[in-house]
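Novice: Got a file for you: work-v3.txt, compact mmCIF, C-alpha atoms (C1' of nucleotides).
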# COMPACT_ATOMS: atom_id res chain seq x y z
CA MET A 1 -26.51 -16.45 -5.64
CA THR A 2 -24.04 -14.29 -7.47
CA GLU A 3 -20.38 -15.16 -7.64
CA PRO A 4 -18.22 -13.39 -5.04
CA PHE A 5 -16.90 -9.90 -5.83
CA SER A 6 -13.31 -11.09 -6.14
CA GLN A 7 -14.14 -14.06 -8.36
CA ARG A 8 -16.07 -11.92 -10.81
CA LEU A 9 -13.17 -9.49 -10.98
CA LEU A 10 -10.70 -12.31 -11.58
CA ARG A 11 -12.85 -13.84 -14.29
CA TRP A 12 -13.11 -10.46 -16.00
CA HIS A 13 -9.41 -9.75 -15.63
CA ALA A 14 -8.18 -12.88 -17.40
CA PRO A 15 -9.34 -11.74 -20.86
CA HIS A 16 -9.78 -7.99 -20.31
CA GLY A 17 -7.07 -6.86 -17.87
CA ARG A 18 -3.65 -5.38 -18.61
CA HIS A 19 -1.07 -8.17 -18.66
CA ASP A 20 1.98 -6.72 -20.38
CA LEU A 21 2.98 -3.72 -18.29
CA PRO A 22 6.77 -3.65 -17.85
CA TRP A 23 6.65 -3.89 -14.04
CA GLN A 24 4.47 -7.00 -13.96
CA VAL A 25 7.35 -9.17 -12.79
CA ASN A 26 8.00 -11.06 -9.61
CA ASP A 27 10.60 -8.64 -8.25
CA PRO A 28 9.82 -6.38 -5.27
CA TYR A 29 12.30 -3.72 -6.41
CA ARG A 30 10.64 -3.30 -9.79
CA VAL A 31 7.18 -3.42 -8.29
CA TRP A 32 8.17 -0.86 -5.67
CA LEU A 33 9.73 1.47 -8.26
CA SER A 34 6.63 1.29 -10.43
CA GLU A 35 4.29 1.93 -7.50
CA ILE A 36 6.19 5.08 -6.51
CA MET A 37 6.33 6.40 -10.06
CA LEU A 38 2.63 5.66 -10.50
CA GLN A 39 1.59 7.69 -7.47
CA GLN A 40 -0.62 10.42 -8.93
CA THR A 41 0.89 9.70 -12.33
CA GLN A 42 -0.67 7.83 -15.24
CA VAL A 43 0.70 4.63 -16.73
CA ILE A 44 1.41 6.13 -20.16
CA THR A 45 3.52 8.86 -18.57
CA VAL A 46 5.50 6.51 -16.34
CA ILE A 47 6.62 3.92 -18.91
CA PRO A 48 9.59 5.79 -20.45
CA TYR A 49 10.79 7.08 -17.06
CA TYR A 50 10.58 3.56 -15.63
CA ALA A 51 12.72 2.14 -18.44
CA ARG A 52 15.42 4.80 -18.14
CA PHE A 53 15.49 4.53 -14.36
CA LEU A 54 15.83 0.76 -14.35
CA GLU A 55 18.61 0.86 -16.90
CA ARG A 56 20.62 3.22 -14.73
CA PHE A 57 19.66 1.60 -11.39
CA PRO A 58 19.04 -2.12 -12.10
CA ASP A 59 18.83 -3.10 -8.43
CA ILE A 60 18.39 -1.68 -4.94
CA ALA A 61 22.13 -1.65 -4.22
CA SER A 62 22.95 0.50 -7.24
CA LEU A 63 20.20 2.92 -6.23
CA ALA A 64 21.29 3.07 -2.58
CA ASN A 65 24.93 3.72 -3.53
CA ALA A 66 24.17 6.44 -6.11
CA PRO A 67 24.27 10.19 -5.45
CA LEU A 68 20.85 11.76 -4.91
CA ASP A 69 21.53 14.17 -7.77
CA ASP A 70 21.69 11.24 -10.20
CA VAL A 71 18.31 10.00 -8.96
CA LEU A 72 16.75 13.45 -9.31
CA ALA A 73 18.15 13.77 -12.82
CA LEU A 74 16.27 10.64 -13.90
CA TRP A 75 13.14 11.91 -12.13
CA SER A 76 13.33 15.29 -13.84
CA GLY A 77 10.00 16.02 -15.55
CA LEU A 78 8.00 13.44 -13.61
CA GLY A 79 7.02 15.77 -10.77
CA TYR A 80 6.47 15.25 -7.05
CA TYR A 81 10.21 15.20 -6.49
CA THR A 82 9.86 14.16 -2.86
CA ARG A 83 9.11 10.73 -4.31
CA ALA A 84 12.64 10.52 -5.73
CA ARG A 85 14.20 11.73 -2.51
CA ASN A 86 12.21 9.17 -0.48
CA LEU A 87 12.96 6.41 -2.98
CA HIS A 88 16.66 6.99 -2.58
CA ALA A 89 16.40 7.21 1.22
CA ALA A 90 14.36 4.01 1.30
CA ALA A 91 16.98 2.18 -0.78
CA VAL A 92 19.60 3.22 1.75
CA GLN A 93 17.37 1.89 4.54
CA VAL A 94 16.88 -1.43 2.76
CA ARG A 95 20.64 -1.68 2.49
CA ASP A 96 21.32 -0.71 6.11
CA ARG A 97 18.24 -1.85 8.08
CA PHE A 98 17.25 -4.93 6.08
CA ALA A 99 20.65 -6.24 4.95
CA GLY A 100 19.89 -5.32 1.34
CA VAL A 101 16.80 -7.53 1.15
CA PHE A 102 13.47 -5.80 0.48
CA PRO A 103 11.21 -6.42 3.51
CA ARG A 104 8.27 -8.77 3.35
CA SER A 105 5.61 -7.68 5.84
CA PRO A 106 3.35 -4.75 4.94
CA ASP A 107 4.26 -3.00 8.19
CA ASP A 108 7.98 -3.23 7.46
CA ILE A 109 7.40 -2.11 3.89
CA ALA A 110 5.31 0.85 5.04
CA SER A 111 8.05 1.86 7.47
CA LEU A 112 10.13 2.93 4.46
CA PRO A 113 9.89 6.60 3.43
CA GLY A 114 7.44 7.33 0.63
CA ILE A 115 5.49 4.09 1.14
CA GLY A 116 2.10 4.36 2.84
CA ARG A 117 -0.52 1.75 3.58
CA SER A 118 -1.83 1.38 0.04
CA THR A 119 1.54 1.25 -1.70
CA ALA A 120 2.85 -1.23 0.88
CA ALA A 121 -0.17 -3.44 0.27
CA ALA A 122 0.31 -3.31 -3.50
CA ILE A 123 3.98 -4.27 -3.25
CA ALA A 124 3.23 -7.13 -0.83
CA ALA A 125 0.31 -8.43 -2.86
CA PHE A 126 2.22 -8.39 -6.16
CA SER A 127 5.50 -9.67 -4.77
CA TYR A 128 4.47 -12.06 -1.98
CA ASN A 129 0.75 -12.87 -2.48
CA THR A 130 0.02 -11.06 0.78
CA GLN A 131 -3.67 -10.54 1.60
CA ALA A 132 -3.53 -6.77 2.01
CA ALA A 133 -5.95 -4.30 0.46
CA ILE A 134 -5.00 -1.32 -1.69
CA LEU A 135 -7.03 1.89 -1.64
CA ASP A 136 -6.02 4.22 -4.43
CA GLY A 137 -8.02 6.56 -6.61
CA ASN A 138 -9.26 3.72 -8.80
CA VAL A 139 -10.43 1.58 -5.90
CA LYS A 140 -12.12 4.51 -4.18
CA ARG A 141 -14.12 5.24 -7.33
CA VAL A 142 -15.09 1.59 -7.88
CA LEU A 143 -16.15 1.03 -4.28
CA SER A 144 -17.94 4.34 -3.92
CA ARG A 145 -20.12 3.40 -6.89
CA TRP A 146 -20.51 -0.31 -6.14
CA ALA A 147 -21.57 0.34 -2.53
CA SER A 148 -23.00 3.81 -3.15
CA ILE A 149 -20.77 5.56 -0.65
CA GLU A 150 -21.67 9.23 -0.39
CA GLY A 151 -19.51 12.03 0.95
CA ASN A 152 -16.05 13.47 0.48
CA LEU A 153 -13.64 10.60 -0.21
CA ALA A 154 -10.88 12.53 1.51
CA SER A 155 -12.66 12.57 4.84
CA LYS A 156 -11.33 10.27 7.53
CA ALA A 157 -14.67 8.59 8.20
CA ILE A 158 -15.27 7.71 4.54
CA GLU A 159 -11.71 6.52 4.14
CA ASN A 160 -11.91 4.25 7.18
CA SER A 161 -15.09 2.59 5.97
CA MET A 162 -13.59 2.10 2.51
CA TRP A 163 -10.49 0.46 3.98
CA ALA A 164 -12.73 -1.93 5.91
CA LEU A 165 -14.81 -2.69 2.82
CA ALA A 166 -11.69 -3.26 0.71
CA GLU A 167 -10.26 -5.66 3.32
CA SER A 168 -13.53 -7.60 3.44
CA LEU A 169 -13.48 -8.31 -0.31
CA LEU A 170 -10.02 -9.92 -0.62
CA PRO A 171 -9.66 -13.34 -2.28
CA ALA A 172 -7.37 -16.24 -1.36
CA ALA A 173 -3.67 -15.47 -1.18
CA ALA A 174 -2.84 -17.15 -4.47
CA ASP A 175 -5.22 -14.78 -6.27
CA MET A 176 -3.90 -11.55 -4.72
CA PRO A 177 -1.63 -10.42 -7.59
CA ALA A 178 -4.29 -10.85 -10.27
CA TYR A 179 -7.02 -9.47 -8.03
CA THR A 180 -5.05 -6.35 -7.13
CA GLN A 181 -4.23 -5.74 -10.78
CA ALA A 182 -7.83 -6.40 -11.74
CA LEU A 183 -9.14 -3.77 -9.36
CA MET A 184 -6.76 -1.16 -10.77
CA ASP A 185 -7.55 -2.16 -14.35
CA LEU A 186 -11.27 -2.00 -13.79
CA GLY A 187 -11.01 1.54 -12.45
CA ALA A 188 -8.69 2.60 -15.26
CA THR A 189 -10.56 1.07 -18.21
CA VAL A 190 -14.20 0.40 -17.22
CA CYS A 191 -15.24 2.27 -14.09
CA THR A 192 -13.79 5.51 -15.39
CA PRO A 193 -14.57 8.97 -13.99
CA LYS A 194 -16.41 10.43 -16.99
CA LYS A 195 -18.00 7.67 -19.08
CA PRO A 196 -18.08 4.40 -17.15
CA ALA A 197 -18.68 1.33 -19.36
CA CYS A 198 -21.14 -0.29 -16.99
CA LEU A 199 -22.37 -2.85 -19.52
CA ALA A 200 -18.84 -4.28 -19.68
CA CYS A 201 -18.44 -4.35 -15.90
CA PRO A 202 -18.30 -7.66 -13.99
CA LEU A 203 -19.81 -5.89 -10.97
CA GLN A 204 -22.88 -4.47 -12.72
CA ASP A 205 -25.33 -6.98 -11.24
CA ASP A 206 -24.98 -5.71 -7.67
CA CYS A 207 -23.52 -2.23 -8.23
CA VAL A 208 -25.79 0.11 -6.31
CA ALA A 209 -24.89 3.15 -8.39
CA LYS A 210 -25.66 1.26 -11.60
CA ARG A 211 -28.96 0.00 -10.27
CA GLU A 212 -30.00 3.52 -9.30
CA GLY A 213 -28.58 5.14 -12.43
CA ARG A 214 -26.29 7.34 -10.36
CA GLN A 215 -22.89 6.34 -11.76
CA LEU A 216 -22.07 9.94 -12.67
CA GLU A 217 -23.02 11.28 -9.24
CA LEU A 218 -20.48 9.07 -7.49
CA PRO A 219 -17.93 9.54 -6.13
CA TRP A 220 -18.68 13.02 -4.89
CA PRO A 221 -16.44 15.60 -6.62
CA LYS A 222 -13.69 17.21 -4.63
CA PRO A 223 -14.47 20.78 -3.57
CA LYS A 224 -12.67 23.01 -6.04
CA LYS A 225 -10.88 26.23 -5.30
CA THR A 226 -9.61 28.93 -7.61
CA LEU A 227 -5.93 28.76 -8.47
CA PRO A 228 -3.83 31.42 -6.77
CA GLU A 229 -1.53 33.41 -9.06
CA ARG A 230 2.17 33.74 -8.33
CA GLU A 231 4.96 35.47 -10.18
CA THR A 232 8.70 35.07 -10.22
CA VAL A 233 11.72 36.31 -12.14
CA MET A 234 14.28 33.74 -13.24
CA LEU A 235 17.77 35.00 -13.95
CA LEU A 236 19.39 33.77 -17.15
CA LEU A 237 22.96 34.39 -16.04
CA ARG A 238 25.25 33.47 -18.91
CA GLY A 239 29.00 33.40 -18.84
CA ASP A 240 31.24 34.33 -21.77
CA ASP A 241 31.51 30.63 -22.61
CA GLY A 242 27.72 30.28 -22.89
CA ARG A 243 27.30 28.43 -19.63
CA LEU A 244 24.42 29.18 -17.27
CA LEU A 245 24.50 29.79 -13.54
CA LEU A 246 22.08 27.48 -11.70
CA GLU A 247 21.14 27.31 -8.03
CA GLN A 248 20.23 24.13 -6.19
CA ARG A 249 16.85 24.51 -4.52
CA PRO A 250 16.28 23.61 -0.87
CA PRO A 251 15.31 19.98 -0.14
CA SER A 252 11.66 20.71 0.63
CA GLY A 253 9.10 22.84 -1.14
CA ILE A 254 8.49 23.30 -4.83
CA TRP A 255 11.06 21.50 -6.98
CA GLY A 256 12.91 20.38 -3.84
CA GLY A 257 16.54 19.49 -4.52
CA LEU A 258 16.38 20.34 -8.22
CA TRP A 259 18.75 22.68 -10.02
CA SER A 260 17.01 25.78 -11.31
CA LEU A 261 17.68 29.38 -12.27
CA PRO A 262 18.24 31.84 -9.42
CA GLU A 263 14.97 33.61 -8.70
CA VAL A 264 14.20 37.15 -7.56
CA ALA A 265 10.90 38.81 -6.84
CA THR A 266 11.06 41.59 -9.44
CA THR A 267 13.27 42.61 -12.33
CA LEU A 268 14.13 45.88 -10.62
CA GLU A 269 15.63 44.27 -7.54
CA ALA A 270 17.61 41.60 -9.42
CA GLU A 271 21.02 43.27 -9.23
CA ALA A 272 20.71 44.22 -5.56
CA ALA A 273 19.31 40.81 -4.59
CA MET A 274 22.11 38.85 -6.23
CA LEU A 275 24.68 41.08 -4.59
CA ALA A 276 23.05 40.63 -1.18
CA ARG A 277 22.50 36.89 -1.40
CA PHE A 278 25.61 35.70 -3.20
CA GLY A 279 28.00 38.64 -3.38
CA VAL A 280 27.67 38.46 -7.14
CA ARG A 281 27.61 41.57 -9.28
CA ILE A 282 25.39 41.31 -12.34
CA GLU A 283 24.10 43.59 -15.08
CA THR A 284 20.65 42.80 -16.41
CA ASP A 285 19.33 43.16 -19.92
CA ALA A 286 15.74 43.45 -21.13
CA ALA A 287 13.37 40.80 -19.79
CA TRP A 288 12.02 38.13 -22.11
CA PRO A 289 8.30 37.55 -22.57
CA PRO A 290 6.89 35.68 -19.58
CA LEU A 291 5.88 32.04 -19.68
CA VAL A 292 3.11 30.50 -17.61
CA HIS A 293 3.47 27.22 -15.73
CA ILE A 294 0.41 25.55 -14.20
CA PHE A 295 0.69 23.60 -10.97
CA THR A 296 -2.07 21.68 -9.25
CA HIS A 297 -2.37 24.35 -6.61
CA PHE A 298 -1.26 27.62 -8.25
CA ARG A 299 -0.41 29.32 -11.52
CA LEU A 300 3.13 30.60 -11.87
CA THR A 301 4.13 33.36 -14.27
CA ILE A 302 7.86 33.22 -14.97
CA THR A 303 9.72 36.21 -16.38
CA PRO A 304 13.13 35.20 -17.76
CA LEU A 305 15.67 37.97 -17.17
CA PRO A 306 18.96 37.69 -19.09
CA ALA A 307 21.98 39.09 -17.28
CA ARG A 308 25.79 39.03 -17.24
CA VAL A 309 27.99 38.27 -14.26
CA THR A 310 30.58 40.98 -13.72
CA GLY A 311 32.09 39.67 -10.45
CA VAL A 312 32.70 35.94 -10.03
CA GLU A 313 34.83 35.57 -6.91
CA ALA A 314 31.98 34.46 -4.60
CA LEU A 315 30.49 31.77 -6.83
CA ALA A 316 31.62 28.84 -4.73
CA GLU A 317 29.09 29.83 -2.10
CA GLY A 318 25.36 29.37 -1.86
CA GLY A 319 24.75 26.29 -4.00
CA LEU A 320 25.53 28.05 -7.26
CA ARG A 321 27.14 26.15 -10.11
CA TRP A 322 27.89 26.76 -13.77
CA PHE A 323 26.21 24.40 -16.24
CA SER A 324 26.52 24.21 -19.98
CA PRO A 325 23.04 23.99 -21.54
CA GLN A 326 23.69 20.32 -22.29
CA GLN A 327 24.78 19.63 -18.71
CA ALA A 328 21.71 21.40 -17.38
CA LEU A 329 19.38 19.36 -19.59
CA ALA A 330 20.98 16.19 -18.20
CA ALA A 331 20.59 17.31 -14.59
CA GLY A 332 17.58 17.32 -12.29
CA ILE A 333 15.74 20.44 -13.44
CA PRO A 334 12.06 21.42 -13.40
CA THR A 335 10.02 21.23 -16.56
CA PRO A 336 9.62 24.99 -17.26
CA LEU A 337 13.41 25.40 -17.09
CA ARG A 338 13.76 22.50 -19.54
CA ARG A 339 11.45 24.34 -21.94
CA LEU A 340 13.38 27.57 -21.44
CA LEU A 341 16.73 25.87 -22.03
CA LEU A 342 15.51 24.37 -25.27
CA GLN A 343 14.75 27.93 -26.42
CA VAL A 344 18.20 29.08 -25.33
CA THR A 345 19.99 26.25 -27.10
CA ASP A 346 17.96 26.89 -30.21
CA LEU A 347 19.14 30.49 -30.22
CA ALA A 348 22.76 29.51 -29.63
C1' DA B 1 -8.61 17.65 8.86
C1' DA B 2 -6.33 20.31 5.68
C1' DG B 3 -2.45 21.80 2.98
C1' DC B 4 1.49 20.72 0.19
C1' DC B 5 3.71 18.62 -3.66
C1' DG B 6 4.28 18.37 -10.63
C1' DG B 7 3.20 17.19 -14.70
C1' DG B 8 0.50 15.48 -18.22
C1' DG B 9 -3.32 12.70 -20.43
C1' DA B 10 -8.02 12.90 -21.72
C1' DG B 11 -12.30 14.91 -22.90
C1' DC C 1 -10.68 25.13 -20.23
C1' DT C 2 -11.67 20.92 -16.25
C1' DC C 3 -10.78 16.77 -13.95
C1' DC C 4 -7.82 13.59 -11.98
C1' DC C 5 -4.20 10.14 -11.93
C1' DA C 6 -1.21 2.76 -8.78
C1' DG C 7 -0.64 8.90 -2.43
C1' DG C 8 2.29 10.22 1.28
C1' DC C 9 4.00 13.55 4.41
C1' DT C 10 3.64 17.61 7.27
C1' DT C 11 1.31 20.67 10.17
If you took the structure in this file and wrote it as structure tokens, what would it be?

Specialist:
Amino acid sequence: MTEPFSQRLLRWHAPHGRHDLPWQVNDPYRVWLSEIMLQQTQVITVIPYYARFLERFPDIASLANAPLDDVLALWSGLGYYTRARNLHAAAVQVRDRFAGVFPRSPDDIASLPGIGRSTAAAIAAFSYNTQAAILDGNVKRVLSRWASIEGNLASKAIENSMWALAESLLPAAADMPAYTQALMDLGATVCTPKKPACLACPLQDDCVAKREGRQLELPWPKPKKTLPERETVMLLLRGDDGRLLLEQRPPSGIWGGLWSLPEVATTLEAEAAMLARFGVRIETDAAWPPLVHIFTHFRLTITPLPARVTGVEALAEGGLRWFSPQQALAAGIPTPLRRLLLQVTDLA
DNA sequence: AAGCCGGGGAG
DNA sequence: CTCCCAGGCTT
């Protein structure tokens, strides 16, 4: 009779798991913040953002009472900016709906914006020893191999069965924090996508994929599609004092809520478009060489177009604002603009 | 059920 | 280059 799934994981985790990550503390705010930052983002990337964020917003109250722009500025470069918007909105809800105390039940936690079933379970398990299962990319890979689950992991049927399996494997409440961490660590360090270290795995004895030698065939790969190509022209509108004119983007969509350069479809229509949209007269110079930015779902070619503003009376309208290069770098801006600004400041 | 939403690490 | 990461929300 082999030891239960959870006990083998716990026994493996004690010597081989990750025990010194900065958010491994008994504080729901820090756990929550880390879980949001870690959504679709690797640990090594998150660590410096997490430290800066916590220094500026040490508790939920300071986050709830801060302007959204300050939150976005600290999120700048991390991507998926809806996470920052939801994080701020959720802090406000904790303040107003839960009297400033982070909620305890998974359902209450998942009622906050940006927190779904898996993230709510992780927060509750780490903070309150709650017996709730997580189901993230790591767990899906581990379970799909261990139980030899075929099919597209994104499909509803597969997902439902994996939730049920994950719930059935939970240990006693006191073991939930270590168990939840162990599952993540196993997926990140042993049951990896490319070269799983099955001989180091505590689940190798009853892993169906291992037994059948099909570790590399599971989980099924996501159907891939070719990246669409898009193009845009970003206006480098500089004032006599060297400042740049930025436009705040709409709340939803790419780079939602961030400050970026005004965009037009083509270099030829730049002057007419700026006049029509903002009542601003500009004169353009020669375009700079384009730079390419890769998203998950498309490839964006950006042509920087330097220009001068010749009529400034309408600038209060339309979400436009002057930024010095240093101010812009400290604001919530998308990564390609950060790269572009570093070129500009080098030239200045 | 499928699409949208960033950026970067790793191989 | 490709794959995918401590997913959730919208349609």

Novice: Could you please select, counting all atoms listed in the file, the residues of chain C within 8 Å of chain A and state them as an mmCIF file with C-alpha atoms (C1' of nucleotides), in the frame of the given file?

Specialist:
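Ended up saving to iface33.cif:
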data_model
loop_
_atom_site.group_PDB
_atom_site.id
_atom_site.type_symbol
_atom_site.label_atom_id
_atom_site.label_comp_id
_atom_site.auth_asym_id
_atom_site.auth_seq_id
_atom_site.Cartn_x
_atom_site.Cartn_y
_atom_site.Cartn_z
ATOM 1 C "C1'" DC C 5 -4.200 10.140 -11.930
ATOM 2 C "C1'" DA C 6 -1.210 2.760 -8.780
ATOM 3 C "C1'" DG C 7 -0.640 8.900 -2.430
ATOM 4 C "C1'" DG C 8 2.290 10.220 1.280
#

Novice: Determine which residues of chain B sit within 7 Å of chain A, taking into account only C-alpha atoms (C1' of nucleotides), and present them as a PyMOL selection string.

Specialist: chain B and resi 5-7

Novice: For Arg11 in chain A, find every residue with an atom within 10 Å (counting all atoms listed in the file), except residues of its own chain fewer than 5 positions away, and show them as a list in words.

Specialist: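 Listed by chain and then number, they are Ser6, His16, Gly17, Ala178, Tyr179, Ala182 and Pro202 of chain A.
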
Novice: Using CA of Gly239 in chain A and CA of Ile302 in chain A as the two end points, give the distance in Å to one decimal.

Specialist: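 Pair CA of Gly239 in chain A / CA of Ile302 in chain A returns 21.5 Å.
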
Novice: Report the distance between CA of Leu291 in chain A and CA of Thr303 in chain A in Å, rounded to one decimal place.

Specialist: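 We find that CA of Leu291 in chain A and CA of Thr303 in chain A lie 6.6 Å from each other.
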
Novice: Report the distance between CA of Arg249 in chain A and CA of Arg321 in chain A in Å, rounded to one decimal place.

Specialist: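 Value for the CA of Arg249 in chain A-CA of Arg321 in chain A distance: 11.8 Å.
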
Novice: Which centre and edge lengths in Å to one decimal define the box along x, y and z that fits every listed atom of range 10-20 of chain A plus 4 Å per side, as AutoDock Vina command-line options?

Specialist:
--center_x -5.6 --center_y -9.6 --center_z -16.2 --size_x 23.1 --size_y 16.5 --size_z 17.3

Novice: Quick one: everything within 9 Å of range 267-278 of chain A, counting all atoms listed in the file, minus sequence neighbours fewer than 4 positions away in the same chain. Send it as an NGL selection string.

Specialist: :A and (233-235 or 262-263 or 282-284 or 287 or 303 or 305 or 314-315 or 317-318 or 320)

Novice: Just the residues within 9 Å of range 21-33 of chain A, please, counting all atoms listed in the file, with nothing from its chain fewer than 4 positions along; format it as a list in words.

Specialist: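 Within the cut-off, the hits are Met37, Leu38, Val43, Ile47, Tyr50, Ala51, Phe53, Leu54, Pro58, Asp59, Ile60, Leu87, Phe102, Pro103, Ile115, Thr119, Ala120, Ala122, Ile123, Ala124, Phe126, Ser127 and Tyr128 of chain A.
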
Novice: Would you mind listing what lies within 7 Å of range 144-146 of chain A as a short mmCIF file (atom, residue, chain, number, x, y, z; two decimals) with C-alpha atoms, in the coordinates of the input, with all atoms listed in the file counted and same-chain residues fewer than 5 positions away left out?

Specialist:
data_model
loop_
_atom_site.label_atom_id
_atom_site.label_comp_id
_atom_site.auth_asym_id
_atom_site.auth_seq_id
_atom_site.Cartn_x
_atom_site.Cartn_y
_atom_site.Cartn_z
CA CYS A 207 -23.52 -2.23 -8.23
CA VAL A 208 -25.79 0.11 -6.31
CA ALA A 209 -24.89 3.15 -8.39
CA GLN A 215 -22.89 6.34 -11.76
CA LEU A 218 -20.48 9.07 -7.49
CA PRO A 219 -17.93 9.54 -6.13
#
